[in-house]
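Structure below is start00.cif: mmCIF, C-alpha atoms and all ligand atoms.
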data_final
loop_
_atom_site.label_atom_id
_atom_site.label_comp_id
_atom_site.auth_asym_id
_atom_site.auth_seq_id
_atom_site.Cartn_x
_atom_site.Cartn_y
_atom_site.Cartn_z
CA MET X 1 -17.39 35.17 -22.15
CA THR X 2 -15.60 34.27 -18.93
CA ASP X 3 -17.43 35.06 -15.71
CA HIS X 4 -14.71 37.03 -13.91
CA VAL X 5 -16.65 37.33 -10.65
CA ASN X 6 -17.14 33.58 -10.20
CA ASP X 7 -13.61 32.99 -11.43
CA GLN X 8 -12.10 34.79 -8.45
CA LEU X 9 -10.43 32.85 -5.67
CA GLN X 10 -11.79 33.30 -2.16
CA PRO X 11 -9.57 34.52 0.67
CA MET X 12 -8.44 31.62 2.88
CA PRO X 13 -10.42 31.16 6.11
CA ASP X 14 -8.67 33.00 8.94
CA ASP X 15 -10.64 31.92 12.02
CA TRP X 16 -8.17 29.28 13.14
CA ARG X 17 -5.16 29.07 15.46
CA ARG X 18 -3.21 25.93 14.55
CA ALA X 19 -2.23 24.40 11.22
CA LEU X 20 -0.39 21.20 10.38
CA ALA X 21 1.24 20.94 6.95
CA VAL X 22 1.75 17.36 5.76
CA VAL X 23 3.91 16.69 2.69
CA ALA X 24 6.14 14.00 1.24
CA HIS X 25 9.54 15.70 0.91
CA PRO X 26 11.81 18.45 2.18
CA ASP X 27 11.16 21.46 -0.12
CA ASP X 28 7.54 20.56 -0.96
CA LEU X 29 6.29 23.43 1.21
CA GLU X 30 9.00 25.86 0.14
CA TYR X 31 8.07 25.41 -3.53
CA GLY X 32 4.74 27.14 -3.00
CA CYS X 33 3.30 27.55 0.45
CA ALA X 34 6.00 29.28 2.45
CA ALA X 35 4.83 32.83 1.68
CA ALA X 36 1.42 31.95 3.10
CA VAL X 37 3.00 30.27 6.13
CA ALA X 38 5.06 33.41 6.83
CA SER X 39 1.89 35.52 6.90
CA TRP X 40 0.16 33.06 9.18
CA THR X 41 2.98 32.89 11.72
CA ASP X 42 3.26 36.72 11.59
CA GLY X 43 -0.35 36.79 12.73
CA GLY X 44 0.49 34.65 15.77
CA ARG X 45 -0.78 31.36 14.41
CA GLU X 46 1.04 28.10 15.03
CA VAL X 47 2.13 26.06 12.03
CA ALA X 48 3.91 22.71 12.29
CA TYR X 49 5.42 20.67 9.45
CA LEU X 50 5.16 16.89 9.09
CA LEU X 51 7.20 15.22 6.36
CA ALA X 52 6.62 11.63 5.30
CA THR X 53 10.27 11.21 4.18
CA ARG X 54 13.65 12.91 4.60
CA GLY X 55 14.01 13.30 0.82
CA GLU X 56 16.98 10.96 0.90
CA ALA X 57 16.49 9.81 -2.71
CA GLY X 58 16.41 13.36 -4.06
CA ILE X 59 20.01 13.94 -5.16
CA ASP X 60 21.51 11.55 -7.69
CA THR X 61 25.11 12.20 -6.64
CA LEU X 62 24.49 11.69 -2.90
CA ASP X 63 24.02 8.40 -1.15
CA PRO X 64 20.72 8.32 0.78
CA ALA X 65 22.56 7.85 4.08
CA THR X 66 24.32 11.19 3.51
CA CYS X 67 21.47 12.91 1.72
CA GLY X 68 18.75 12.29 4.35
CA PRO X 69 20.43 14.15 7.23
CA LEU X 70 21.52 16.98 4.88
CA ARG X 71 18.00 17.51 3.59
CA GLU X 72 16.59 17.32 7.10
CA ARG X 73 18.92 20.17 8.14
CA GLU X 74 17.93 22.20 5.08
CA GLN X 75 14.24 21.58 5.85
CA ARG X 76 14.54 22.71 9.46
CA ALA X 77 16.40 25.85 8.35
CA GLY X 78 13.82 26.59 5.64
CA ALA X 79 10.98 26.17 8.14
CA ALA X 80 12.63 28.47 10.68
CA VAL X 81 12.79 31.31 8.12
CA VAL X 82 8.98 31.41 8.00
CA GLY X 83 8.47 31.00 11.74
CA VAL X 84 8.01 27.22 11.93
CA THR X 85 9.97 25.45 14.66
CA GLU X 86 8.16 22.12 14.84
CA VAL X 87 9.31 19.87 12.00
CA GLU X 88 8.66 16.13 12.25
CA PHE X 89 9.58 13.22 9.99
CA LEU X 90 7.66 9.96 9.61
CA ASP X 91 10.57 8.13 7.95
CA HIS X 92 8.68 6.51 5.13
CA ARG X 93 11.08 5.72 2.30
CA ASP X 94 11.60 8.50 -0.24
CA GLY X 95 10.32 7.68 -3.71
CA VAL X 96 8.34 4.62 -2.72
CA VAL X 97 5.82 6.02 -0.20
CA GLU X 98 2.80 3.76 -0.25
CA TYR X 99 -0.74 5.00 0.15
CA GLY X 100 -2.32 2.75 2.73
CA LEU X 101 -3.39 2.20 6.31
CA GLY X 102 0.12 2.67 7.71
CA LEU X 103 0.44 6.13 6.19
CA ARG X 104 -3.11 7.13 7.17
CA ARG X 105 -2.43 5.97 10.74
CA ASP X 106 0.83 7.92 10.99
CA ILE X 107 -0.78 11.12 9.73
CA ALA X 108 -3.91 10.65 11.88
CA ALA X 109 -1.64 10.25 14.92
CA ALA X 110 0.12 13.52 14.10
CA ILE X 111 -3.21 15.30 13.65
CA ARG X 112 -4.30 14.05 17.08
CA ARG X 113 -1.03 15.29 18.64
CA HIS X 114 -1.12 18.73 17.03
CA ARG X 115 -4.91 19.28 17.04
CA PRO X 116 -5.00 21.64 14.04
CA GLU X 117 -8.08 23.35 12.64
CA LEU X 118 -6.38 23.69 9.27
CA VAL X 119 -4.44 20.90 7.53
CA ILE X 120 -2.29 21.72 4.53
CA THR X 121 -1.03 19.24 1.99
CA LEU X 122 0.35 19.18 -1.55
CA ASN X 123 -1.38 18.23 -4.79
CA HIS X 124 -2.77 14.70 -4.50
CA ARG X 125 -3.94 14.47 -8.10
CA ASP X 126 -2.28 12.50 -10.90
CA THR X 127 -1.06 15.62 -12.72
CA TRP X 128 -0.14 19.27 -12.03
CA GLY X 129 -2.75 20.15 -14.67
CA SER X 130 -2.56 19.30 -18.36
CA THR X 131 0.02 16.57 -18.95
CA VAL X 132 2.63 17.26 -16.26
CA TRP X 133 2.67 14.02 -14.27
CA ASN X 134 2.80 14.24 -10.46
CA THR X 135 5.07 12.00 -8.37
CA PRO X 136 3.65 8.92 -6.61
CA ASP X 137 4.85 10.18 -3.19
CA HIS X 138 2.87 13.43 -3.53
CA VAL X 139 -0.23 11.55 -4.63
CA ALA X 140 0.04 9.05 -1.76
CA VAL X 141 0.70 11.62 0.96
CA GLY X 142 -1.91 14.08 -0.33
CA ARG X 143 -4.65 11.45 -0.49
CA ALA X 144 -3.69 9.94 2.88
CA THR X 145 -3.78 13.41 4.46
CA LEU X 146 -7.26 14.13 3.12
CA ASP X 147 -8.37 10.76 4.53
CA ALA X 148 -6.51 11.10 7.84
CA ALA X 149 -8.31 14.36 8.64
CA GLY X 150 -11.40 12.17 9.08
CA ASP X 151 -9.58 9.21 10.65
CA ALA X 152 -8.21 11.51 13.36
CA GLY X 153 -11.73 12.23 14.62
CA ASN X 154 -13.01 8.67 14.90
CA ARG X 155 -11.92 6.66 17.94
CA TRP X 156 -12.86 3.37 16.32
CA ILE X 157 -10.53 3.85 13.36
CA PHE X 158 -7.01 2.98 14.55
CA PRO X 159 -8.06 2.17 18.15
CA GLU X 160 -4.39 1.51 18.91
CA LEU X 161 -3.84 5.27 18.80
CA VAL X 162 -6.28 5.75 21.67
CA GLU X 163 -4.41 3.05 23.60
CA GLN X 164 -1.27 5.15 23.06
CA GLY X 165 -3.02 8.11 24.64
CA LEU X 166 -3.96 9.90 21.41
CA GLU X 167 -7.58 10.88 21.89
CA PRO X 168 -9.64 11.63 18.75
CA TRP X 169 -9.39 15.17 17.34
CA ASP X 170 -12.42 16.03 15.24
CA GLY X 171 -11.47 19.68 14.97
CA VAL X 172 -10.03 19.78 11.46
CA ARG X 173 -12.31 22.17 9.58
CA TRP X 174 -10.43 22.43 6.30
CA VAL X 175 -7.84 20.52 4.32
CA ALA X 176 -6.16 22.93 1.92
CA VAL X 177 -4.29 21.42 -1.02
CA ALA X 178 -1.43 23.50 -2.39
CA GLY X 179 -0.32 23.19 -6.00
CA SER X 180 -3.77 22.09 -7.16
CA SER X 181 -4.80 22.84 -10.73
CA SER X 182 -8.32 23.50 -9.39
CA PRO X 183 -7.73 26.10 -6.65
CA THR X 184 -10.63 27.68 -4.79
CA HIS X 185 -8.87 29.97 -2.27
CA ALA X 186 -5.75 32.11 -2.02
CA VAL X 187 -3.45 34.01 0.34
CA ASP X 188 -1.75 37.30 -0.61
CA ALA X 189 1.85 36.27 -1.29
CA THR X 190 3.38 39.74 -1.05
CA PRO X 191 4.02 40.11 2.72
CA GLY X 192 5.74 36.72 2.97
CA MET X 193 7.50 36.61 -0.41
CA GLU X 194 11.02 37.64 0.63
CA ARG X 195 11.02 35.08 3.44
CA ALA X 196 9.57 32.46 1.10
CA ILE X 197 12.50 33.02 -1.25
CA ARG X 198 15.01 32.66 1.59
CA SER X 199 13.14 29.61 2.83
CA LEU X 200 13.45 27.87 -0.55
CA LEU X 201 17.05 29.01 -0.79
CA GLU X 202 17.82 27.00 2.36
CA HIS X 203 17.49 23.89 0.17
CA ARG X 204 20.75 24.92 -1.42
CA ALA X 205 22.34 21.51 -1.92
CA TYR X 206 19.23 20.28 -3.71
CA ILE X 207 18.89 23.42 -5.86
CA GLU X 208 22.56 23.49 -6.86
CA VAL X 209 22.16 20.04 -8.37
CA LEU X 210 18.86 20.96 -10.00
CA THR X 211 19.97 24.07 -11.91
CA ASP X 212 23.01 25.96 -13.17
CA GLN X 213 21.21 29.23 -12.49
CA ASP X 214 22.29 31.34 -9.51
CA PRO X 215 20.32 29.76 -6.61
CA GLU X 216 18.82 33.01 -5.34
CA GLU X 217 17.81 34.11 -8.81
CA TYR X 218 16.29 30.67 -9.40
CA CYS X 219 14.21 30.80 -6.18
CA ARG X 220 13.08 34.39 -6.78
CA THR X 221 12.08 33.75 -10.39
CA PHE X 222 10.22 30.54 -9.64
CA LEU X 223 8.24 31.82 -6.66
CA THR X 224 7.37 35.27 -7.99
CA ALA X 225 6.27 33.87 -11.36
CA ASN X 226 4.04 31.32 -9.63
CA ALA X 227 2.46 33.93 -7.38
CA GLN X 228 2.03 36.35 -10.27
CA ALA X 229 0.27 33.67 -12.34
CA ALA X 230 -2.50 33.56 -9.74
CA ALA X 231 -2.92 37.35 -9.48
CA ALA X 232 -5.56 37.65 -12.19
CA ARG X 233 -7.87 35.48 -10.08
CA PHE X 234 -7.15 37.29 -6.80
CA GLY X 235 -7.90 40.94 -7.46
CA GLY X 236 -4.52 41.51 -9.11
CA ARG X 237 -2.53 40.46 -6.03
CA PRO X 238 0.22 37.84 -6.34
CA ALA X 239 -1.06 34.82 -4.43
CA VAL X 240 -0.46 31.37 -3.03
CA THR X 241 -3.42 29.22 -4.06
CA PHE X 242 -5.16 26.30 -2.39
CA GLU X 243 -7.99 23.92 -3.21
CA VAL X 244 -9.91 23.88 0.07
CA PHE X 245 -11.91 20.85 1.20
CA SER X 246 -14.22 21.81 4.06
CA ARG X 247 -15.11 19.30 6.71
ZN ZN Q 301 8.16 16.55 -3.41
#

Now that the file is in, can you turn its structure into structure tokens?
Amino acid sequence: MTDHVNDQLQPMPDDWRRALAVVAHPDDLEYGCAAAVASWTDGGREVAYLLATRGEAGIDTLDPATCGPLREREQRAGAAVVGVTEVEFLDHRDGVVEYGLGLRRDIAAAIRRHRPELVITLNHRDTWGSTVWNTPDHVAVGRATLDAAGDAGNRWIFPELVEQGLEPWDGVRWVAVAGSSSPTHAVDATPGMERAIRSLLEHRAYIEVLTDQDPEEYCRTFLTANAQAAAARFGGRPAVTFEVFSR
């Protein structure tokens, strides 16, 4: 018999003021996290977004030189809907992001600039559970973010960052991985759901290529079904889930 008590997801820690969300592409946060972000910014917390790429390889019919700026605009609009005004891009190349020292250094630098207690990233594992393969960009950025949370606190790793005036920040207490098939924590998705839907809907050019469905109906169906799927493990409440790594 399943142990329903131990099966339950824990509420996300709430004793923090600043979060930095680090993902590979425009729309990565809107496909899951945005409802949680809306609740956090409602509560007066600061959330900033850092994207490794501009998603310029995301639309088959658009040349990257046209697609990058378009997706950047959509990302900034999507962030604004959930109260996020700081959106930064690292300009790694979409589709071929490499896990390595360069990526760790870039993310560690951002962590030192923003000084977050909570870092968010997207599923760094090979699959989304079962046999649904993840993309190499998500794996690279997720892993590098988990590593960079430590790098940011050590002055002897990437000493060139200190020379640039970026003092170590050892204040990251949690790295929370969205989209994990092994979640440990959750946030009630209900208060932020309508804004999450509008936030995803801002990626209209991308979504219109992806599906023939009405874009709003597509966003609503996808996000509410995802949140509802987690409800059984969160006291019946639709939820955004995270696998939380404490530091
Ligand atoms: Zn992505």

Just the residues within 8 Å of region 102-107 of chain X, please, counting all atoms listed in the file, with nothing from its chain fewer than 4 positions along; format it as a PyMOL selection string.
-> chain X and resi 22+90+98+111+141+144-145+147-148+151+158

Could I get the residue neighbourhood of ligand ZN 301 (chain Q) at 12 Å, counting only C-alpha atoms and all ligand atoms, as a ChimeraX atom specification?
-> /X:22-32,51-58,94-97,121-124,134-142,178-179,206

Could you give me, as a ChimeraX atom specification, the residues that have an atom at most 7 Å away from the point (6.1, 35.1, 3.1) in the coordinates of the file, using all atoms listed in the file?
-> /X:34-39,82,189-196

For a cut-off of 6 Å around (-4.8, 9.8, 18.1), file coordinates, pick out all residues using only C-alpha atoms and list them as a PyMOL selection string.
-> chain X and resi 109+112+161-162+166-168

Shell around Glu117 (chain X) at 8 Å using only C-alpha atoms, local window under 6 positions removed, as a PyMOL selection string = chain X and resi 16-19+171-174

Export C-alpha atoms of the chosen residues as a PDB file, in the coordinates of the input?
ATOM      1  CA  TRP X  16      -8.170  29.280  13.140  1.00  0.00           C
ATOM      2  CA  ARG X  17      -5.160  29.070  15.460  1.00  0.00           C
ATOM      3  CA  ARG X  18      -3.210  25.930  14.550  1.00  0.00           C
ATOM      4  CA  ALA X  19      -2.230  24.400  11.220  1.00  0.00           C
ATOM      5  CA  GLY X 171     -11.470  19.680  14.970  1.00  0.00           C
ATOM      6  CA  VAL X 172     -10.030  19.780  11.460  1.00  0.00           C
ATOM      7  CA  ARG X 173     -12.310  22.170   9.580  1.00  0.00           C
ATOM      8  CA  TRP X 174     -10.430  22.430   6.300  1.00  0.00           C
TER       9      TRP X 174
END

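Across X:Ile59, X:Cys67, X:Ala110, X:Ile120, the tightest approach to Ser180 (chain X) is made by X:Ile120 when counting all atoms listed in the file.
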
Contacts of Thr241 (chain X) at 9 Å (only C-alpha atoms; same-chain gap of 3+ positions) as a PDB file with C-alpha atoms, in the coordinates of the input:
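Ended up saving to around_16.pdb:
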ATOM      1  CA  LEU X   9     -10.430  32.850  -5.670  1.00  0.00           C
ATOM      2  CA  MET X  12      -8.440  31.620   2.880  1.00  0.00           C
ATOM      3  CA  GLY X  32       4.740  27.140  -3.000  1.00  0.00           C
ATOM      4  CA  CYS X  33       3.300  27.550   0.450  1.00  0.00           C
ATOM      5  CA  VAL X 177      -4.290  21.420  -1.020  1.00  0.00           C
ATOM      6  CA  ALA X 178      -1.430  23.500  -2.390  1.00  0.00           C
ATOM      7  CA  GLY X 179      -0.320  23.190  -6.000  1.00  0.00           C
ATOM      8  CA  SER X 180      -3.770  22.090  -7.160  1.00  0.00           C
ATOM      9  CA  PRO X 183      -7.730  26.100  -6.650  1.00  0.00           C
ATOM     10  CA  THR X 184     -10.630  27.680  -4.790  1.00  0.00           C
ATOM     11  CA  HIS X 185      -8.870  29.970  -2.270  1.00  0.00           C
ATOM     12  CA  ALA X 186      -5.750  32.110  -2.020  1.00  0.00           C
ATOM     13  CA  VAL X 187      -3.450  34.010   0.340  1.00  0.00           C
ATOM     14  CA  ASP X 188      -1.750  37.300  -0.610  1.00  0.00           C
ATOM     15  CA  ALA X 227       2.460  33.930  -7.380  1.00  0.00           C
ATOM     16  CA  ALA X 230      -2.500  33.560  -9.740  1.00  0.00           C
TER      17      ALA X 230
END

Interatomic distance between CA of Ser246 (chain X) and CA of Val175 (chain X)?
->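 CA of Ser246 (chain X) sits 6.5 Å away from CA of Val175 (chain X).
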
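Between CA of Gln10 (chain X) and CA of Trp128 (chain X) lies a distance of 20.7 Å.
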
Please, what distance in Å, to one decimal, runs between CA of Arg113 (chain X) and CA of Gln164 (chain X)?
->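 Separation between CA of Arg113 (chain X) and CA of Gln164 (chain X): 11.1 Å.
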
For Glu72 (chain X), which of X:Arg247, X:Glu202, X:Ile197, X:Gly165 is the closest residue, counting all atoms listed in the file?
->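 The shortest atom-to-atom distance to Glu72 (chain X) comes from X:Glu202.
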
Mind completing region 91-104 of chain X with N, CA and C atoms? Output as a tab-separated table (two decimals), in the frame of the given file, please?
chain	number	residue	atom	x	y	z
X	91	ASP	N	9.60	9.14	8.39
X	91	ASP	CA	10.57	8.13	7.95
X	91	ASP	C	9.98	7.03	7.08
X	92	HIS	N	9.00	7.40	6.25
X	92	HIS	CA	8.68	6.51	5.13
X	92	HIS	C	9.80	6.68	4.11
X	93	ARG	N	9.93	5.71	3.20
X	93	ARG	CA	11.08	5.72	2.30
X	93	ARG	C	10.83	6.60	1.08
X	94	ASP	N	11.75	7.53	0.85
X	94	ASP	CA	11.60	8.50	-0.24
X	94	ASP	C	11.49	7.81	-1.59
X	95	GLY	N	10.49	8.19	-2.35
X	95	GLY	CA	10.32	7.68	-3.71
X	95	GLY	C	9.38	6.51	-3.81
X	96	VAL	N	9.20	5.80	-2.68
X	96	VAL	CA	8.34	4.62	-2.72
X	96	VAL	C	7.31	4.65	-1.58
X	97	VAL	N	6.85	5.87	-1.24
X	97	VAL	CA	5.82	6.02	-0.20
X	97	VAL	C	4.55	5.33	-0.70
X	98	GLU	N	4.00	4.48	0.15
X	98	GLU	CA	2.80	3.76	-0.25
X	98	GLU	C	1.58	4.36	0.42
X	99	TYR	N	0.55	4.66	-0.41
X	99	TYR	CA	-0.74	5.00	0.15
X	99	TYR	C	-1.28	3.76	0.84
X	100	GLY	N	-1.75	3.91	2.06
X	100	GLY	CA	-2.32	2.75	2.73
X	100	GLY	C	-2.60	3.06	4.19
X	101	LEU	N	-2.98	2.01	4.92
X	101	LEU	CA	-3.39	2.20	6.31
X	101	LEU	C	-2.26	2.71	7.19
X	102	GLY	N	-1.02	2.24	6.89
X	102	GLY	CA	0.12	2.67	7.71
X	102	GLY	C	0.33	4.17	7.61
X	103	LEU	N	0.25	4.69	6.40
X	103	LEU	CA	0.44	6.13	6.19
X	103	LEU	C	-0.72	6.92	6.79
X	104	ARG	N	-1.96	6.45	6.57
X	104	ARG	CA	-3.11	7.13	7.17
X	104	ARG	C	-2.99	7.15	8.69
